[in-house]
Amino acid sequence: MPLFISSFVLAIAFCAPPGVITAETIRRGAARGFVPALFVQFGSLVGDTTWAIIALTGLAFLVQNNIAKIILSLIGMLLMLKLAWDALKDAHHGRELETTSPASTRGDFTNGAFLSLGNPMNIVFWTGLGTTVFASISGKPEPVHFAVFFAGFLSGAILWCFLIAGLVAWGKKFITPNFFRAVNLICGIALGYFALQLGWNLVQNLV
C-alpha cells in the first residue's frame with residue numbers, strides 16, 4: 001500500500017505542472033470540449049508509459065548492486081530536488097501557457113502521444129522516480145512491485161486526465177495563472193518530500 005500511494009501521488013506531481021501537454025489540452029479543450037482534451041491527456045500516457053518502462057527496466061537491474069543503488073539514490077535525489085525547485089520557482093514567479101495557436105480538429109490522442117514521447121525531460125523524471133521507488137524496496141524488486149507501482153501511477157495519472165479535461169471543458173474560470181501557481185506549489189512540495197524521503201532511506205541503508 002505505501003508503494004501504491006507513493007506512485008499515485010508522484011503520478012499527479014508529474015502530470016500536473018503546466019507544460020506543453022497542458023497547453024495542448026487547453027487549446028483543444030477550449031475549442032472542442034471535454035473529449036478532445038481528454039484524448040490529448042490519454043495520448044500523453046502512451047509516452048509516459050514508454051519512458052517508464054525504459055527507465056525502470058534498467059534501474060531494476062542496477063539497484064541490486066549496493067554501490068549502484070547508493071549512486072543512483074544520490075542522482076535520483078538531486079533530480080527530484082531540481083524538479084521540485086523548478087516547480088516552486090514557477091509557483092513563485094508564475095508561468096504563462098502558450099495557448100494561442102489554433103487547435104487541430106484531428107489526432108488528439110496521437111498528438112498527445114507524440115508530444116510526450118518527444119519530451120526528453122521524461123527520462124530524467126523517470127530516472128529520479130524509479131530510483132525513489134526501488135530504493136524504498138528492501139532486497140530485489142519483484143514483479144509484484146512493478147504491478148503495484150504501475151497500478152498506482154496509472155490511477156493517479158488517469159485521475160488527473162479527467163480532472164484537467166473537466167476543468168478545461170466546464171471550469172474555464174478556474175484555469176487561471178493563480179491556479180497553476182497553486183498546482184506548481186503543491187507539486188514542488190510533494191517532489192521535495194519524496195527527494196528527502198529518498199535521502200533518508202539512503203542514510204538508513206548506510207547506517
# chains A, B, ... in the order shown; residues from 1 in each chain; ligands from 1

$ residues_around --residues "Phe162 (chain A)" --least-positions-apart "2" --cutoff "9 Å" --atoms "only C-alpha atoms" --output "JSON, numbers by chain"
{"A": [34, 37, 38, 41, 157, 158, 159, 160, 164, 165, 166, 167]}

$ write_last_selection --atoms "C-alpha atoms" --output "short mmCIF file (atom, residue, chain, number, x, y, z; two decimals), in the first residue's frame"
data_model
loop_
_atom_site.label_atom_id
_atom_site.label_comp_id
_atom_site.auth_asym_id
_atom_site.auth_seq_id
_atom_site.Cartn_x
_atom_site.Cartn_y
_atom_site.Cartn_z
CA PHE A 34 -14.12 17.62 -22.96
CA ALA A 37 -8.92 17.45 -24.10
CA LEU A 38 -9.22 14.01 -22.50
CA GLN A 41 -4.16 13.54 -21.92
CA ALA A 157 -2.40 9.82 -14.00
CA ILE A 158 -5.87 8.84 -15.20
CA LEU A 159 -7.48 10.79 -12.36
CA TRP A 160 -5.51 13.87 -13.45
CA ILE A 164 -7.79 18.70 -16.15
CA ALA A 165 -10.05 17.83 -19.11
CA GLY A 166 -13.09 18.60 -17.00
CA LEU A 167 -11.64 21.89 -15.83
#

$ atom_distance --atom1 "CA of Ala151 (chain A)" --atom2 "CA of Gln204 (chain A)"
27.5 Å
